[in-house]
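**Student:** First the structure, then my questions, so here it is.
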Amino acid sequence: MTASDTALAEQENREQVVNDFSITIGTVNGSGSQTSNLTIIRSIFKMGIPVSGKNIYPSNIQGMPTWYTIRVSKDGYLARVPEPDIVVAMCPESFQEDVDRLPPGGLLIYDQGIRAEVEREDIFSYPLPVQKLVRASDAPRNLQDYVANMVYVGALVALLELEIDKVHQALDFHFSGREKPVDLNYKIIQSTAEWCSENLEKVDPYHLERMEATKNLKLVSGNEAAAIGAAFGGVQFMGWYPITPATGLADMLKVYLPKLRKDPETGKNTFAVVQAEDELAAIGMAVGAGWGGLRAMTSTSGPGLSLMTEFAGLAYYSETPLVIWDVQRVGPSTGLPTRTSQGDVIMAHYLGHGDTQNILLLPGSPYECFKFGWRSFDIAERLQTPVYVLSDLDLGVNQWITEEFEYPEVEMDRGKVIWEDDLEAFEGDWGRYLDVDGDGIPYRTVPGNKHPESAWFARGTGHDEYARYSEDPEDFLKNMERLRKKYETARSLMPEPVLDEMESAEVGILAYGSTDPAVQEARDHLRDRGIPTDSLRLRAIPFTSVVHEFIKAHRQIYVVEMNRDGQVHKLLSLEVPEETGKMVSVAKVDGLPLTAEWIVDQIESMEEK
Amino acid sequence: MTASDTALAEQENREQVVNDFSITIGTVNGSGSQTSNLTIIRSIFKMGIPVSGKNIYPSNIQGMPTWYTIRVSKDGYLARVPEPDIVVAMCPESFQEDVDRLPPGGLLIYDQGIRAEVEREDIFSYPLPVQKLVRASDAPRNLQDYVANMVYVGALVALLELEIDKVHQALDFHFSGREKPVDLNYKIIQSTAEWCSENLEKVDPYHLERMEATKNLKLVSGNEAAAIGAAFGGVQFMGWYPITPATGLADMLKVYLPKLRKDPETGKNTFAVVQAEDELAAIGMAVGAGWGGLRAMTSTSGPGLSLMTEFAGLAYYSETPLVIWDVQRVGPSTGLPTRTSQGDVIMAHYLGHGDTQNILLLPGSPYECFKFGWRSFDIAERLQTPVYVLSDLDLGVNQWITEEFEYPEVEMDRGKVIWEDDLEAFEGDWGRYLDVDGDGIPYRTVPGNKHPESAWFARGTGHDEYARYSEDPEDFLKNMERLRKKYETARSLMPEPVLDEMESAEVGILAYGSTDPAVQEARDHLRDRGIPTDSLRLRAIPFTSVVHEFIKAHRQIYVVEMNRDGQVHKLLSLEVPEETGKMVSVAKVDGLPLTAEWIVDQIESMEEK
Amino acid sequence: MAKRGGNGQNELGLTKDEYRGAPSTLCKGCGHQSIANQVISVVYEMDVLPEKIMKFSGIGCSSKSPAYFLSRSFTFNGLHGRMPSLATGAVFADHTLKAMGFSGDGDTASIGMGQFKHIMRRNVPLLYIVENNGVYGLTKGQFSATADQGLELKKQGLNPYMPVDIVREALASNATFVARAFSGDVKQLREILKAALSHEGIAIIDIISPCVSFNNQDDALHSYSWGRDHEVAIHDLAYVPPREEIEVDYDKEVMKKVTMHDGSKIVLQKIGEEHDISKRVDAVNLLDRADEEGILLTGLFYIDTEQPSLIDIKGITEEPLNRLTNDRIRPSREDLQDVNEMLF
Amino acid sequence: MAKRGGNGQNELGLTKDEYRGAPSTLCKGCGHQSIANQVISVVYEMDVLPEKIMKFSGIGCSSKSPAYFLSRSFTFNGLHGRMPSLATGAVFADHTLKAMGFSGDGDTASIGMGQFKHIMRRNVPLLYIVENNGVYGLTKGQFSATADQGLELKKQGLNPYMPVDIVREALASNATFVARAFSGDVKQLREILKAALSHEGIAIIDIISPCVSFNNQDDALHSYSWGRDHEVAIHDLAYVPPREEIEVDYDKEVMKKVTMHDGSKIVLQKIGEEHDISKRVDAVNLLDRADEEGILLTGLFYIDTEQPSLIDIKGITEEPLNRLTNDRIRPSREDLQDVNEMLF
Ligand SMILES: Cc1ncc(C[n+]2csc(CCOP(=O)(O)OP(=O)(O)O)c2C)c(N)n1
Ligand SMILES: Cc1ncc(C[n+]2csc(CCOP(=O)(O)OP(=O)(O)O)c2C)c(N)n1
Ligand code: SF4
Ligand code: SF4
Ligand SMILES: [Mg+2]
Ligand SMILES: [Mg+2]
């Protein structure tokens, strides 16, 4: 009655598949399925099993197909896989497509309200009487559509042995302990699980089993981690404008800052978050605040970054510190606004007309989103320049496993800001753009300084070392050379890349950001196929000497990234021109996170040549 | 009485210097000196002598020092030279500085109202009683300040033998034949010349002498040439916003279009020029017009280009033809708004977030401004993409010698635009983004097409070949690959570089744009010093195979450009990575046009190594 | 009007279906959907060939909606807040087409404020619809610049800022056609749309269009129920197409007539007080009183049929510019010779 | 006021020279210069320490001018049209400072329209001066958005567009202090500047400020002579500093008093008709009549001292944010422990 007999026969002797499969859940967006999906991934996580979840959603509010893919991996491989082992088909529109995705022997759980029976006989399939189960529950009328999604959670409890107390824990977290919604949802999960146990015969090989692999770990999105990081980085001003997928960062700041950053004495805010009218204003405000001596930031995505170009140039040239988070989505133009990419690297690096060179930080995990969340301010204020943190939709929006956040190991670095007393020490020869220390970084004062010599005139026009207007060619040259020197100084402040070596590796993989899980998994497969690799995960531009050494030390370097043009490959080619012959671009962007499989295929085929 | 005796003694036996010197005229801006300066350079030009003029002016309307440097060169060397042989000092504020610029033996002409006598004894100097001469003239009171500048024109007539009938011709041109101003100015020039002949004894060696070197040539600015080119290119829509130094291009369009582009039958306009409220709107209008099937353009400079970033990405991705003139000035940020640079190359090439690759044209003379003025439309419409024409302040604003403009040698190419009848031929299978011909360029329809299948939905979001919204990864990949293919197709449409060879040259100089006169002069000097060179003047990006071959064929390539970061050097390194070892960046930007001397020094010192 | 061809065909022989678009992906009940439906009806009823229309939009749910109607009309769904400039350039391509712009309150009053104000100043011939729901629908419900001061939304908290009033802005900017409608009142909306489509210049319609997903609280301005309970029309507005005669019971006492450039007429029947639609300051007065009384005042606030449109100002050829053949846009060899001679 | 320290020193012991800036590079006779001079006088007379002031500007001749006064005040001369956002961020740095913004009509009404409108909506505590000459001075005289319709300039031809009226825009945007002045009428300008400097919120002053190089035709709005001949003040405005008493001859019949947050007062003496400066619609009425009569109406059009400023709205610490020490802006180890525990 339940699973297809043919498939059953074929798979009869197949081993059980424990904690090593991928689930794709197809639902209608805006229907509340996100709560169910999060409940599932969180429950698995609390069972101690490495898990990742990726939301593949349309640029739309309600009524379109949306997919959530969960990967469960006892080995800790958490990259996206191209096709699922299990499909939960709850969306009428994508139903057939979703069913077709399953490989033979795959498992299908579906709403029999959409289709009474499915044709494929090479898969295991369980129909769920969703409507009936919902009606039987005591969910109020107006919430029935919403809780319908809990039915498939219940099915996984019964069929995959998802532990129900973990499910309760997940619901409790999701609803911040509010009993009513927790109970409502829990009940229907429970009743569905019971119905399944009574009515479905488990014939497929897929199981979840408790492990100990997630102890002391957390499940969090990069945007939330970044917001927490910024809060501990002492952010004082945030100017932003809504845009997918960066909005979550501002949303989370608005959650965390009031909790963490009220002045204990007065209860007043030590920060301000302003929703601007657009991105030109968002960055403009941040530039004003950064110039004023505040830890200032803004967050955006591609189209917003484009609009920030002119202000980016002003910040670079007037030497104003601020932090710009670019949670990348797929461009060019509006592109695929709800899909992930690493397509803004070149743009961010050169953002602004004329000769600009910007500092980029490249977090590869929520842990680094947290860390760069605070560290970016230290770097920006030390260097008196905008710092761009390039996250992406996959990292920013999806739930990733992370270690607990560690308290910043160093004192806050406010850079070379001088106040009334410090100015005295200059004995009248302070100049805003004087390179006193030979590192290209001058000393700066900020408004409110009451020393009569503290004020200076900030501008985007040519200036001499005393910030006076100048069109003098020598002044211009000198200033630009100092800026170049400052960029060299920056190298010493950049987070070093993360290296990983394998025995007798001749080739290196150089990657960055959210592709890390896919890259690390690919390396294991490659090793198994006789191609051991070392890896370098880049975390900043400008590059440090470690990058040079890594490239020099290998026969071949594969630069893996999620864009069309191999953007970091290009920047590396410019950085290490003598080694371009050995650097190969492995680049692709189609909106989906890279898979290990694709990376393996690319590198293997090139190694075979 | 007039020239310093010491200098005289030292120089007594010196040869006469004929048609080979440089004059710097220091005046107060907004005082009308521009008319005098233009009169001088035009008169020299009409004497048949190769001449160039460069205006070094402040970002200001009235009252600040401004310089005009005129180079006279019988050999046709028209680049800027670092220091003048002759100084005309009419500006109180810069007087001393200007006098100090002269080398020993130099010639000074100055307003004795500023300083009665000058101290330097190693130069020839002639004081002019400017005020007296003006008062003596019959210029009306309110124009006396203005015509005061004509005094130094008169002095050059007397002292350098500037021919007075040519002066008259120049005035006549300047005032479009209006007798009154011509007479007024001419008279004071004449009376000054007479006064000089009577009161000054010519002791210096500098002379002008009639030549035949400018026959059939014209004197014109790049902006004016570009406007004429656009008019002959059939420009139909121009959206712009004032900005130095691009404003002149729009100004000239407003002069030429009403003359050239009224419909002969109806007297109505076949074009529209709209001054937008800012650059976002200027390019937005041009994108709308280009999409609508018009030959559309906009012009701007650095800060405006920054603001155009988002629309640039939309144009690239929606495949909308338009032409964007960037008359470059010195950035980053507001920078030196009245000084020249080639600093926007990288930015323009990658303009837009996500993976973009833009087409750049690089005119090196007013003749090419004219030519690319029309040709850019053919390229943009053929490729259905924005085309960036990168001029600069020196080329755009200053007067350059040019050959007469030649009528476009080819029919206008409107690209793959299809109308009602053409659509029939597609038999229902026309798709806006279908690559029918395998060149990456699809067919397009434009509004007004009355075929019921002609309409399509233009957008910046992901789309399939039929312009339908799509988030499908395959559609996205395919579309982006087609765009890449289109970029490859572009190579065959680019203007080829201009090559020049010298015997037994081992090294090549690769340059572009307005640096050409300096480069060519430098090559002669280098040859004289034993370093013969070949040269390639780049005229477009993407690069063509000629560029590859040129690089391959030489031991060393010097890439000369006017920016800090060696921007074309970078793009070349990415294009020809296997040859980066031999490519050396010779780059500098300080606001002044490069000099041959500087190029020689750079290359010579590197060749010596 | 319409149904004259039989089988539900209009005078052009087109059925209403031929005015539809792709299936909508808006939320069920979204105010924007109702506007889309009315546009379909109006264009169909006015016997306008879909190919004679161009549509433009920015970014947002409202701006997405042009995909869901008139798929036989050329459309450019551009950038957030930049619909006006796109449309300004495009109207020069073929000025014989009708141009319609669709925008949201975020798109127009937040990021797009500058372009919104300037397109009015230029009197670009464009029907400009602001689908106003007080929030950014597509990015999940943040306050837009038209959100009421004091509005409280669950996820957003309280809005502390004064709202932008689209009608006031249009009046301050000398727009030549300024109206407000409510997407819950389709009868009036249709008439206003028709009138606006006949206007030769910029026609601004602020349409209160509830977002059922993020801002539809009964007590708040942008909701259906508030609109239904508080809508007051300034007048009863009827559109009379060019060829039709105004019905016999036209009463000059209570009725006013405006004749449009295309010969159509707008007939306004007094409801409460008289409102002179040719006086901007009267409109401002009305708005102030409406704010005080807490009502949603709808109707045509102001019209000026005298100002030249941008197309007139630029004096371009009768024939669409994009149809001009190469020889008409490239001057002759002789012309170039003349230019060469004119140069120094 | 002032001169109290003797030797031309004010109460702070500073001479007027200490309020000056770099030598001006504006054209001789430029209206902007006169504004610069009045700012110097006003700040000096009000005994404000220059270090307690921040200045902001965009790009243009007007925006350059902050270099020519108050060189002891921190200044940011930013981007064209973007002064408002720069200032909005910066006022959070040290909200105890007075913030002054200087912009031009091109800077504010053309490219800057969006930011201009939105800074008013947020009631950012900023004295925002528009030095309005109807043209782009620095780029040599093109029409700006405030140029009168029909204005004809030699190089530019005729302006066909309706002008943006800064005061109308400010009223439509609910700005909390809205005034117009004329840079040729320095007495009134000074009083208005003082009043605006005492306002806690956005204070918009539209100052007609002739460009002698490009737009100073006798018969045109933005010229000196037109201004001199056509200026009509709504009222006689006097600023009374916090500590001073209003002179005895204060007559309630013809005088109105507004008390500002800092205790200073604005005293308005009726000239012609009564104008209620708390009613926006009255101001619009005045403007309409002024346009009809062809006069340049100056004075304080509207004031609202009740709306909270953005600083109030955001509830930030009394102490300037940029003076907070590291320990006050980085939460504790324990806080991070709590956060870790709160995460799933
Ligand atoms: C430059 C840019 N910034 C931000 C966004 C993200 N975004 C998309 S729609 C939108 C708001 C739309 O609001 P509104 O115009 O009111 O439309 P609605 O969805 O409410 O109909 C925003 C901010 C974007 N697409 N582009
Ligand atoms: C983005 C950008 N576009 C254009 C310019 C060129 N520009 C400089 S000043 C100016 C106009 C200034 O006009 P206004 O604000 O009225 O100032 P005024 O000079 O008249 O005082 C323009 C367009 C610029 N600096 N930046
Ligand atoms: S989110 Fe709001 S505006 Fe968007 S479609 Fe849904 S109801 Fe309409
Ligand atoms: S050009 Fe006009 S605005 Fe600029 S300084 Fe001169 S007079 Fe003033
Ligand atoms: Mg909205
Ligand atoms: Mg101006």
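Chain labels run A, B, ... following the order of the structure tokens; each chain numbers its residues from 1, and ligands are numbered from 1 in the order shown.
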Skip Ile56 of chain A itself and residues of its chain fewer than 3 positions away, then list as an MDAnalysis selection string all residues within 12 Å of it, counting only C-alpha atoms.
**Tutor:** (chainID A and resid 24:29 34 37 53 59:60 64:70 80 336:340 393:394 397:398 591:593) or (chainID B and resid 471:473)
**Student:** Please, which residues have at least one atom within 6 Å of an atom of ligand 2, using only C-alpha atoms and all ligand atoms, listed as a PyMOL selection string?
**Tutor:** (chain B and resi 242-243+303-304) or (chain D and resi 59-62+80+103-107+133+135-139)
**Student:** Compile the residues of chain B that lie within 12 Å of chain D, evaluated using only C-alpha atoms, and express the compilation as a PyMOL selection string.
**Tutor:** chain B and resi 28-31+58-65+240-248+250-252+254-255+274-282+303-304+306-307+333-335+337-338
**Student:** Once you count only C-alpha atoms, which residues of chain D turn out to be within 6 Å of chain C? Could you give them as a PyMOL selection string?
**Tutor:** chain D and resi 113-114+121-122+161-162
**Student:** Pick out the residues sitting within 8 Å of segment 84-95 of chain A, and hand them over as a PyMOL selection string; count only C-alpha atoms, and ignore anything fewer than 2 positions along from it in its own chain.
**Tutor:** chain A and resi 21-28+64-65+69+81-82+97-99+101-103+106-111+114+152
**Student:** Counting only C-alpha atoms and all ligand atoms, which of B:Lys218, B:Arg523, B:Arg459, B:Arg432 gets nearest to ligand 1?
**Tutor:**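 Ranked by minimum distance to ligand 1, first place goes to B:Arg459.
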**Student:** Only residues of chain A matter here; which ones have an atom within 6 Å of chain B, counting only C-alpha atoms? Give them as a VMD selection string.
**Tutor:** chain A and resid 302 306 309 to 310 313 to 314 331 to 336 343 to 344 353 to 355 460 to 462 473 476 to 477 590
**Student:** Please produce a file of the residues just selected, as a compact mmCIF listing (two decimals), in the first residue's frame, where the atoms kept are N, CA and C atoms.
**Tutor:**
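Final output, result.txt:
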```
# COMPACT_ATOMS: atom_id res chain seq x y z
N GLY A 302 24.06 43.87 -3.98
CA GLY A 302 24.50 44.42 -5.26
C GLY A 302 23.94 45.75 -5.72
N SER A 306 25.97 49.35 -5.90
CA SER A 306 26.13 50.19 -7.09
C SER A 306 25.80 51.64 -6.76
N THR A 309 28.43 53.88 -4.95
CA THR A 309 29.74 54.09 -5.58
C THR A 309 30.33 55.46 -5.31
N GLU A 310 29.54 56.50 -5.49
CA GLU A 310 30.12 57.83 -5.35
C GLU A 310 30.57 58.09 -3.91
N GLY A 313 33.82 56.36 -3.01
CA GLY A 313 34.99 57.11 -3.43
C GLY A 313 35.31 58.24 -2.47
N LEU A 314 34.28 58.90 -2.00
CA LEU A 314 34.50 60.00 -1.05
C LEU A 314 35.12 59.47 0.24
N GLY A 331 23.93 39.08 -9.50
CA GLY A 331 23.79 40.13 -10.50
C GLY A 331 24.20 39.56 -11.82
N PRO A 332 24.39 40.33 -12.86
CA PRO A 332 24.28 41.79 -12.93
C PRO A 332 22.84 42.27 -12.79
N SER A 333 22.74 43.56 -12.48
CA SER A 333 21.46 44.24 -12.30
C SER A 333 20.64 43.52 -11.23
N THR A 334 19.33 43.60 -11.32
CA THR A 334 18.51 42.97 -10.29
C THR A 334 18.77 41.47 -10.23
N GLY A 335 19.10 40.90 -11.37
CA GLY A 335 19.55 39.52 -11.43
C GLY A 335 18.61 38.54 -10.76
N LEU A 336 19.17 37.67 -9.93
CA LEU A 336 18.35 36.74 -9.16
C LEU A 336 18.44 37.20 -7.71
N GLY A 343 29.71 37.65 -6.73
CA GLY A 343 29.94 38.40 -7.95
C GLY A 343 30.35 39.85 -7.79
N ASP A 344 30.50 40.31 -6.55
CA ASP A 344 30.78 41.74 -6.37
C ASP A 344 32.22 42.03 -5.95
N HIS A 353 35.16 56.05 -8.73
CA HIS A 353 35.92 56.42 -9.93
C HIS A 353 37.31 56.88 -9.53
N GLY A 354 38.18 56.96 -10.52
CA GLY A 354 39.58 57.30 -10.21
C GLY A 354 40.27 56.08 -9.61
N ASP A 355 41.51 56.29 -9.18
CA ASP A 355 42.29 55.16 -8.67
C ASP A 355 41.92 54.83 -7.23
N GLY A 460 36.13 66.05 -0.72
CA GLY A 460 36.50 65.04 -1.71
C GLY A 460 37.42 65.61 -2.76
N THR A 461 37.79 66.88 -2.58
CA THR A 461 38.68 67.53 -3.55
C THR A 461 40.13 67.41 -3.09
N GLY A 462 41.03 67.76 -3.99
CA GLY A 462 42.46 67.70 -3.70
C GLY A 462 42.83 68.54 -2.49
N PRO A 473 50.03 69.88 -8.30
CA PRO A 473 50.34 68.52 -8.74
C PRO A 473 51.15 67.73 -7.71
N PHE A 476 49.01 66.55 -4.91
CA PHE A 476 48.14 65.45 -5.32
C PHE A 476 48.91 64.14 -5.37
N LEU A 477 50.07 64.19 -6.00
CA LEU A 477 50.90 62.99 -6.11
C LEU A 477 51.24 62.42 -4.74
N ASP A 590 25.16 30.18 -10.82
CA ASP A 590 23.83 29.92 -11.39
C ASP A 590 22.76 30.15 -10.33
```
**Student:** Can you pull out every residue within 9 Å of Leu294 of chain A, counting only C-alpha atoms, but drop anything in the same chain fewer than 2 positions away, and send it as a PDB file with C-alpha atoms, in the first residue's frame?
**Tutor:**
```pdb
ATOM      1  CA  VAL A 235      28.727  49.845  16.375  1.00  0.00           C
ATOM      2  CA  GLN A 236      27.256  53.272  17.034  1.00  0.00           C
ATOM      3  CA  PHE A 237      25.579  54.138  13.794  1.00  0.00           C
ATOM      4  CA  ALA A 286      27.382  56.196   7.664  1.00  0.00           C
ATOM      5  CA  GLY A 288      28.904  61.318   8.179  1.00  0.00           C
ATOM      6  CA  ALA A 289      28.874  59.246  11.345  1.00  0.00           C
ATOM      7  CA  GLY A 290      32.254  57.679  10.632  1.00  0.00           C
ATOM      8  CA  TRP A 291      33.743  61.099  10.003  1.00  0.00           C
ATOM      9  CA  GLY A 292      32.152  62.214  13.257  1.00  0.00           C
ATOM     10  CA  ALA A 296      29.532  53.433  11.549  1.00  0.00           C
ATOM     11  CA  PRO A 321      36.295  54.870   8.395  1.00  0.00           C
ATOM     12  CA  LEU A 322      33.130  52.867   7.965  1.00  0.00           C
TER      13      LEU A 322
ATOM     14  CA  ALA D  90      27.197  63.257  11.714  1.00  0.00           C
ATOM     15  CA  PHE D  92      24.795  61.564  16.051  1.00  0.00           C
ATOM     16  CA  ALA D  93      28.512  61.944  16.656  1.00  0.00           C
ATOM     17  CA  LEU D 321      28.381  59.207  21.350  1.00  0.00           C
ATOM     18  CA  ASN D 322      31.835  59.926  20.032  1.00  0.00           C
TER      19      ASN D 322
END
```
**Student:** Set the distance at 6 Å and use only C-alpha atoms: which residues neighbour Ala505 of chain A once local chain neighbours fewer than 4 positions away are removed? I'd like the list as an NGL selection string.
**Tutor:** :A and (532-534)
**Student:** I need the residues from that last selection saved to file as an mmCIF file, in the first residue's frame (with all heavy atoms), if you can.
**Tutor:**
```cif
data_model
loop_
_atom_site.group_PDB
_atom_site.id
_atom_site.type_symbol
_atom_site.label_atom_id
_atom_site.label_comp_id
_atom_site.auth_asym_id
_atom_site.auth_seq_id
_atom_site.Cartn_x
_atom_site.Cartn_y
_atom_site.Cartn_z
ATOM 1 N N PRO A 532 45.473 14.506 -3.991
ATOM 2 C CA PRO A 532 45.506 15.231 -2.717
ATOM 3 C C PRO A 532 45.734 16.725 -2.970
ATOM 4 O O PRO A 532 46.445 17.088 -3.907
ATOM 5 C CB PRO A 532 46.691 14.608 -1.981
ATOM 6 C CG PRO A 532 47.551 14.041 -3.049
ATOM 7 C CD PRO A 532 46.655 13.659 -4.196
ATOM 8 N N THR A 533 45.106 17.530 -2.181
ATOM 9 C CA THR A 533 45.220 18.983 -2.385
ATOM 10 C C THR A 533 45.478 19.693 -1.065
ATOM 11 O O THR A 533 45.071 19.222 -0.009
ATOM 12 C CB THR A 533 43.908 19.563 -2.950
ATOM 13 O OG1 THR A 533 42.869 19.282 -1.998
ATOM 14 C CG2 THR A 533 43.536 18.967 -4.290
ATOM 15 N N ASP A 534 46.133 20.817 -1.158
ATOM 16 C CA ASP A 534 46.183 21.733 -0.021
ATOM 17 C C ASP A 534 45.123 22.788 -0.276
ATOM 18 O O ASP A 534 44.719 23.009 -1.416
ATOM 19 C CB ASP A 534 47.552 22.406 0.086
ATOM 20 C CG ASP A 534 48.631 21.395 0.456
ATOM 21 O OD1 ASP A 534 48.270 20.341 1.015
ATOM 22 O OD2 ASP A 534 49.804 21.681 0.172
#
```
**Student:** Excluding same-chain residues fewer than 6 positions from Ala203 of chain D, what lies within 9 Å of it counting only C-alpha atoms, as JSON, numbers by chain?
**Tutor:** {"D": [120, 123, 124, 125, 126, 127, 128, 129, 175, 176, 177, 178, 179, 196, 197, 303]}
**Student:** If we count only C-alpha atoms and set the cut-off at 8 Å, which residues sit around Glu161 of chain A, ignoring sequence neighbours fewer than 6 positions away in its own chain? Please answer as a PyMOL selection string.
**Tutor:** chain A and resi 207-209
**Student:** Can you work out which one of D:Ile204, D:Val130, D:Ile192, D:Met260 has the shortest atom-to-atom distance to Val42 of chain D, counting only C-alpha atoms?
**Tutor:**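 Using only C-alpha atoms, Val42 of chain D sits closest to D:Ile192.
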**Student:** Find the distance between atom CA of Phe182 of chain D and atom CA of Asn77 of chain D and write it in Å to one decimal.
**Tutor:**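 We find that atom CA of Phe182 of chain D and atom CA of Asn77 of chain D lie 23.6 Å from each other.
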**Student:** Looking only at the backbone, which of the residues in segment 220-278 of chain B does DSSP tag as helix (DSSP H, G or I), as a list in words?
**Tutor:**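 In segment 220-278 of chain B, DSSP puts these residues in helix (DSSP H, G or I): Gly222, Asn223, Glu224, Ala225, Ala226, Ala227, Ile228, Gly229, Ala230, Ala231, Phe232, Thr247, Gly248, Leu249, Ala250, Asp251, Met252, Leu253, Lys254, Val255, Tyr256, Leu257, Pro258, Lys259 and Leu260 of chain B.
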**Student:** From segment 364-539 of chain B, collect each residue whose DSSP state is strand (DSSP E or B) and return the set as number ranges by chain.
**Tutor:** B: 386-392, 399-403, 417, 444, 457-459, 461, 463, 469, 498-500, 507-512, 533-538
**Student:** Distance atom CA of Gly13 of chain C-atom CA of Ala67 of chain C, one decimal place?
**Tutor:**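 Answer for the atom CA of Gly13 of chain C to atom CA of Ala67 of chain C separation: 23.0 Å.
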